[in-house]
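Have a look at the structure below, then the notes.
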Amino acid sequence: MRLTLQAITDPHAYDEVVSRMPITSALQGWGYGEARRVLGQVPMRYLIRDGERTVGAVQLIRKRLVPGLSTLYAPRGPAIESLELLPAFAQAVRGVAKPTDVLLKIEPPYPYLAGENDEGQNLPAAFGPFTRAETEQPEHTIVADLRRSEDELFSGLHSMARRNVRTAQKLGVVAGRDDDFEAFWEIFTATNERAKLGAFPREYYETMLREANSYGGEAYLVLSRYQGKALAGGFFVAMGKGTYYLFGGSVRDDRVGEDGKPLKDSKAPDAFYWNAMLDAQQRGYEFFDFWGIPRVLDESKHSYGVFKMKLKFSEQRVWYPAYELPLSPLAPLVKRALRRRKDQNNLRKRGTTDDVL
């Protein structure tokens with residue numbers, strides 16, 4: 001089989017193809033690429049063609065490393081009919097790559113179900129010339145099947161989550177879609193500072209929120225409020241059958257009541273997760289991606305608490321492995337340099353060379 005990549009400049013037509021592919025992700029949407037442009041990266045969009053038939057679409061992000069060297073990256077992509085097309089896709093990419101492109105990384109958005117004590121060791125090692133690589137997006141995550149009824153969803157929660165959701169309801173916590181970006185930003189930045197995670201410039205998130213709503217998918221905020229104050233929230237992108245919780249967090253409620261005593265714990269984070277799931281279900285999405293849990297559990301790390309929180313709302317863990325294709329003899333050298341740079345960033349931000357997840 002011989003595939004070709006056909007450049008496309010119509011964002012609506014491109015997103016329509018991404019939305020209808022059986023293997024797809026909102027990170028392949030046009031709006032996500034525009035957010036990457038804010039970081040100085042260049043998004044390029046192509047239809048994947050088998051003769052006269054469109055069998056997929058791909059958004060390749062070109063990242064300039066130094067003058068004369070760059071990499072290509074398909075965030076949770078390509079969107080494609082079948083994984084069996086990936087070897088032919090590799091050859092098609094060579095036809096559009098520049099001489100400066102030394103390495104291509106893809107993250108096929110096909111979820112591999114994880115078993116108990118599964119660390120991803122049984123994932124496919126290769127697809128033709130593509131070989132396993134480190135992911136840029138979280139490789140291990142939790143998903144929820146939203147095709148069940150609301151009652152079935154609720155009964156599937158951990159007993160603690162059900163109890164906390166009921167407590168939040170009794171206290172009058174309100175959670176749902178919200179346009180208050182300032183409130184989200186306050187929660188998000190406070191969480192990042194507390195967990196020493198770091199973040200992109202604010203313009204990156206504002207651009208994604210605007211552009212991902214413009215062509216075929218959507219981006220939106222969900223906030224959880226107690227007595228009007230936003231205490232938990234998140235940023236979502238959605239396309240096709242799925243929605244993805246990319247960024248968010250929570251803040252401590254240090255207010256006091258009229259009696260001068262601290263307010264009761266409103267369980268706002270639990271209300272956030274539950275209502276975000278309900279919102280997605282009511283809008284017709286079939287699965288909910290909680291976006292990232294640790295590969296290896298370590299109770300001393302912030303990520304372990306995040307894992308335990310998400311696990312209360314679904315126990316279905318999946319893997320999204322990455323694969324790479326060398327485009328130049330310089331690829332091994334570039335890989336080592338990128339790993340060293342990542343280690344240095346981790347060390348500077350969090351005092352460890354370990355990745356967040």
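Chain identifiers are assigned as A, B, and so on, following the order in which chains appear in the structure tokens; residues are numbered from 1 within each chain, and ligands are numbered from 1 in order of appearance.
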Polymer residues at most 6 Å from range 239-243 of chain A, only C-alpha atoms, same-chain spacing of 5 or more positions, as an mmCIF file with N, CA, C and O atoms, in the first residue's frame:
data_model
loop_
_atom_site.group_PDB
_atom_site.id
_atom_site.type_symbol
_atom_site.label_atom_id
_atom_site.label_comp_id
_atom_site.auth_asym_id
_atom_site.auth_seq_id
_atom_site.Cartn_x
_atom_site.Cartn_y
_atom_site.Cartn_z
ATOM 1 N N SER A 19 -12.833 14.270 13.182
ATOM 2 C CA SER A 19 -13.959 13.905 14.033
ATOM 3 C C SER A 19 -14.533 12.536 13.692
ATOM 4 O O SER A 19 -14.999 11.812 14.576
ATOM 5 N N ALA A 26 -8.978 14.730 20.117
ATOM 6 C CA ALA A 26 -9.162 16.178 19.990
ATOM 7 C C ALA A 26 -7.834 16.907 19.848
ATOM 8 O O ALA A 26 -7.797 18.044 19.371
ATOM 9 N N GLY A 217 -14.470 20.977 16.743
ATOM 10 C CA GLY A 217 -14.479 20.408 18.082
ATOM 11 C C GLY A 217 -14.931 21.464 19.063
ATOM 12 O O GLY A 217 -15.594 22.437 18.698
ATOM 13 N N TYR A 285 -21.162 12.736 24.258
ATOM 14 C CA TYR A 285 -19.844 12.104 24.205
ATOM 15 C C TYR A 285 -19.925 10.710 24.821
ATOM 16 O O TYR A 285 -20.655 10.475 25.783
ATOM 17 N N GLU A 286 -19.149 9.803 24.263
ATOM 18 C CA GLU A 286 -19.215 8.413 24.678
ATOM 19 C C GLU A 286 -18.107 8.006 25.631
ATOM 20 O O GLU A 286 -18.245 6.994 26.329
ATOM 21 N N PHE A 287 -17.001 8.741 25.639
ATOM 22 C CA PHE A 287 -15.972 8.419 26.624
ATOM 23 C C PHE A 287 -15.328 9.683 27.166
ATOM 24 O O PHE A 287 -15.320 10.733 26.528
ATOM 25 N N PHE A 288 -14.805 9.550 28.369
ATOM 26 C CA PHE A 288 -14.257 10.654 29.149
ATOM 27 C C PHE A 288 -12.828 10.267 29.529
ATOM 28 O O PHE A 288 -12.607 9.253 30.193
#
I want to know what sits within 10 Å of Asp279 in chain A, based on only C-alpha atoms, with residues of the same chain fewer than 6 positions away left out; could you give that as a list of chain:residue names?
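That gives A:Ala175, A:Gly176, A:Arg177, A:Val222, A:Tyr273, A:Tyr285.
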Distance query Phe235 in chain A at most 12 Å, only C-alpha atoms, self and fewer than 5 positions along chain excluded, as a PyMOL selection string:
chain A and resi 176-181+183-185+187-188+205-206+208-209+212+218-223+243-249+272-273+276+290-291
I'd like to know which of A:Leu330, A:Met277, A:Met160, A:Leu325 is closest to Pro87 in chain A, using only C-alpha atoms.
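Of A:Leu330, A:Met277, A:Met160, A:Leu325, the one nearest Pro87 in chain A is A:Leu325, counting only C-alpha atoms.
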Picked from range 135-310 of chain A by DSSP as helix (DSSP H, G or I), as a VMD selection string
chain A and resid 150 to 155 159 to 171 181 to 195 202 to 211 268 to 282 302 to 310
Surrounding residues of range 298-304 of chain A excluding itself and chain neighbours under 3 positions, 9 Å, only C-alpha atoms, as a ChimeraX atom specification
/A:195,293-294,307-309,356-357
Grab the residues selected above and save them as a PDB file, in the first residue's frame with all heavy atoms.
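Produced file out.pdb, reproduced below:
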ATOM      1  N   ALA A 195       2.147  21.842  43.403  1.00  0.00           N
ATOM      2  CA  ALA A 195       2.708  20.566  42.979  1.00  0.00           C
ATOM      3  C   ALA A 195       4.023  20.704  42.216  1.00  0.00           C
ATOM      4  O   ALA A 195       4.596  19.700  41.794  1.00  0.00           O
ATOM      5  CB  ALA A 195       1.696  19.826  42.104  1.00  0.00           C
ATOM      6  N   ILE A 293      -2.219   9.405  34.571  1.00  0.00           N
ATOM      7  CA  ILE A 293      -1.900   8.844  35.884  1.00  0.00           C
ATOM      8  C   ILE A 293      -0.476   8.305  35.801  1.00  0.00           C
ATOM      9  O   ILE A 293       0.056   8.102  34.714  1.00  0.00           O
ATOM     10  CB  ILE A 293      -2.880   7.726  36.286  1.00  0.00           C
ATOM     11  CG1 ILE A 293      -2.892   6.606  35.233  1.00  0.00           C
ATOM     12  CG2 ILE A 293      -4.285   8.290  36.492  1.00  0.00           C
ATOM     13  CD1 ILE A 293      -3.722   5.399  35.614  1.00  0.00           C
ATOM     14  N   PRO A 294       0.172   8.091  36.946  1.00  0.00           N
ATOM     15  CA  PRO A 294       1.580   7.667  36.905  1.00  0.00           C
ATOM     16  C   PRO A 294       1.768   6.290  36.266  1.00  0.00           C
ATOM     17  O   PRO A 294       0.929   5.396  36.411  1.00  0.00           O
ATOM     18  CB  PRO A 294       1.969   7.635  38.396  1.00  0.00           C
ATOM     19  CG  PRO A 294       0.947   8.475  39.086  1.00  0.00           C
ATOM     20  CD  PRO A 294      -0.306   8.323  38.312  1.00  0.00           C
ATOM     21  N   PHE A 307      -3.873  10.325  41.069  1.00  0.00           N
ATOM     22  CA  PHE A 307      -4.299   8.996  40.636  1.00  0.00           C
ATOM     23  C   PHE A 307      -5.440   8.473  41.505  1.00  0.00           C
ATOM     24  O   PHE A 307      -6.459   7.976  40.989  1.00  0.00           O
ATOM     25  CB  PHE A 307      -3.106   8.037  40.686  1.00  0.00           C
ATOM     26  CG  PHE A 307      -3.481   6.586  40.685  1.00  0.00           C
ATOM     27  CD1 PHE A 307      -4.006   5.991  39.546  1.00  0.00           C
ATOM     28  CD2 PHE A 307      -3.301   5.807  41.821  1.00  0.00           C
ATOM     29  CE1 PHE A 307      -4.357   4.649  39.539  1.00  0.00           C
ATOM     30  CE2 PHE A 307      -3.647   4.466  41.818  1.00  0.00           C
ATOM     31  CZ  PHE A 307      -4.173   3.879  40.691  1.00  0.00           C
ATOM     32  N   LYS A 308      -5.310   8.562  42.823  1.00  0.00           N
ATOM     33  CA  LYS A 308      -6.334   8.049  43.719  1.00  0.00           C
ATOM     34  C   LYS A 308      -7.644   8.801  43.544  1.00  0.00           C
ATOM     35  O   LYS A 308      -8.733   8.215  43.635  1.00  0.00           O
ATOM     36  CB  LYS A 308      -5.851   8.135  45.169  1.00  0.00           C
ATOM     37  CG  LYS A 308      -4.641   7.273  45.486  1.00  0.00           C
ATOM     38  CD  LYS A 308      -4.952   5.790  45.345  1.00  0.00           C
ATOM     39  CE  LYS A 308      -5.852   5.291  46.442  1.00  0.00           C
ATOM     40  NZ  LYS A 308      -6.055   3.820  46.365  1.00  0.00           N
ATOM     41  N   MET A 309      -7.565  10.105  43.281  1.00  0.00           N
ATOM     42  CA  MET A 309      -8.778  10.892  43.075  1.00  0.00           C
ATOM     43  C   MET A 309      -9.495  10.420  41.804  1.00  0.00           C
ATOM     44  O   MET A 309     -10.715  10.186  41.811  1.00  0.00           O
ATOM     45  CB  MET A 309      -8.424  12.372  42.955  1.00  0.00           C
ATOM     46  CG  MET A 309      -9.618  13.286  42.777  1.00  0.00           C
ATOM     47  SD  MET A 309     -10.666  13.292  44.243  1.00  0.00           S
ATOM     48  CE  MET A 309     -11.908  14.468  43.754  1.00  0.00           C
ATOM     49  N   VAL A 356       6.795  13.954  35.570  1.00  0.00           N
ATOM     50  CA  VAL A 356       5.612  14.108  36.421  1.00  0.00           C
ATOM     51  C   VAL A 356       4.820  12.826  36.486  1.00  0.00           C
ATOM     52  O   VAL A 356       4.384  12.395  37.562  1.00  0.00           O
ATOM     53  CB  VAL A 356       4.722  15.269  35.897  1.00  0.00           C
ATOM     54  CG1 VAL A 356       3.433  15.349  36.703  1.00  0.00           C
ATOM     55  CG2 VAL A 356       5.473  16.588  35.973  1.00  0.00           C
ATOM     56  N   LEU A 357       4.594  12.170  35.350  1.00  0.00           N
ATOM     57  CA  LEU A 357       3.817  10.935  35.308  1.00  0.00           C
ATOM     58  C   LEU A 357       4.675   9.780  34.795  1.00  0.00           C
ATOM     59  O   LEU A 357       5.621   9.990  34.068  1.00  0.00           O
ATOM     60  CB  LEU A 357       2.596  11.115  34.400  1.00  0.00           C
ATOM     61  CG  LEU A 357       1.584  12.160  34.862  1.00  0.00           C
ATOM     62  CD1 LEU A 357       0.487  12.321  33.822  1.00  0.00           C
ATOM     63  CD2 LEU A 357       0.964  11.758  36.193  1.00  0.00           C
TER      64      LEU A 357
END
Residue set, range 124-157 of chain A restricted to strand (DSSP E), as a ChimeraX atom specification
/A:126-127,130-133,140-145
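Among the candidates A:Val58, A:Ala92, A:Leu123, A:Ala190, the residue lying nearest to Gln28 in chain A is A:Val58 (atoms considered: only C-alpha atoms).
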Selected residue of minimal separation from Glu150 in chain A among A:Thr353, A:Gln344, A:Gln281, A:Thr24, counting only C-alpha atoms
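The closest residue to Glu150 in chain A is A:Gln281.
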Could you check which of A:Ala74, A:Leu3, A:Leu39, A:Leu83 is closest to Thr135 in chain A, using only C-alpha atoms?
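That would be A:Ala74, the residue with the smallest distance to Thr135 in chain A.
For the atom pair formed by CA of Glu84 in chain A and CA of Val102 in chain A, the distance is 24.1 Å, given to one decimal.
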Minimum-distance residue to Glu34 in chain A, chosen among A:Gln6, A:Gln121, A:Thr207, A:Ser328 (using only C-alpha atoms):
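Comparing A:Gln6, A:Gln121, A:Thr207, A:Ser328 against Glu34 in chain A, the winner is A:Thr207.
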Which residues, written as an mmCIF file with N, CA and C atoms, in the first residue's frame, have at least one atom at most 10 Å from Tyr215 in chain A, with only C-alpha atoms counted and residues fewer than 3 positions away on the same chain left out?
data_model
loop_
_atom_site.group_PDB
_atom_site.id
_atom_site.type_symbol
_atom_site.label_atom_id
_atom_site.label_comp_id
_atom_site.auth_asym_id
_atom_site.auth_seq_id
_atom_site.Cartn_x
_atom_site.Cartn_y
_atom_site.Cartn_z
ATOM 1 N N ASP A 10 -8.284 24.197 4.868
ATOM 2 C CA ASP A 10 -9.645 24.482 5.326
ATOM 3 C C ASP A 10 -9.841 23.845 6.704
ATOM 4 N N PRO A 11 -9.892 24.636 7.782
ATOM 5 C CA PRO A 11 -9.981 24.052 9.127
ATOM 6 C C PRO A 11 -11.263 23.279 9.370
ATOM 7 N N HIS A 12 -12.375 23.718 8.791
ATOM 8 C CA HIS A 12 -13.636 23.004 8.982
ATOM 9 C C HIS A 12 -13.587 21.626 8.322
ATOM 10 N N ALA A 13 -13.081 21.572 7.081
ATOM 11 C CA ALA A 13 -12.979 20.296 6.375
ATOM 12 C C ALA A 13 -11.992 19.365 7.079
ATOM 13 N N TYR A 14 -10.899 19.929 7.572
ATOM 14 C CA TYR A 14 -9.911 19.108 8.279
ATOM 15 C C TYR A 14 -10.514 18.520 9.550
ATOM 16 N N ASP A 15 -11.137 19.354 10.378
ATOM 17 C CA ASP A 15 -11.713 18.865 11.630
ATOM 18 C C ASP A 15 -12.831 17.855 11.387
ATOM 19 N N GLU A 16 -13.548 17.983 10.272
ATOM 20 C CA GLU A 16 -14.605 17.027 9.962
ATOM 21 C C GLU A 16 -14.019 15.638 9.770
ATOM 22 N N GLY A 29 -7.127 18.121 16.541
ATOM 23 C CA GLY A 29 -7.971 19.189 16.036
ATOM 24 C C GLY A 29 -7.189 20.442 15.684
ATOM 25 N N TRP A 30 -7.733 21.216 14.768
ATOM 26 C CA TRP A 30 -7.085 22.431 14.273
ATOM 27 C C TRP A 30 -6.778 23.404 15.410
ATOM 28 N N GLY A 31 -7.711 23.569 16.324
ATOM 29 C CA GLY A 31 -7.529 24.532 17.407
ATOM 30 C C GLY A 31 -6.364 24.213 18.317
ATOM 31 N N GLU A 211 -9.755 28.867 19.830
ATOM 32 C CA GLU A 211 -9.615 28.243 18.518
ATOM 33 C C GLU A 211 -10.224 26.841 18.445
ATOM 34 N N ALA A 212 -10.165 26.102 19.538
ATOM 35 C CA ALA A 212 -10.719 24.749 19.500
ATOM 36 C C ALA A 212 -12.239 24.750 19.417
ATOM 37 N N GLU A 218 -14.568 21.304 20.321
ATOM 38 C CA GLU A 218 -14.867 22.341 21.296
ATOM 39 C C GLU A 218 -13.854 22.297 22.437
#
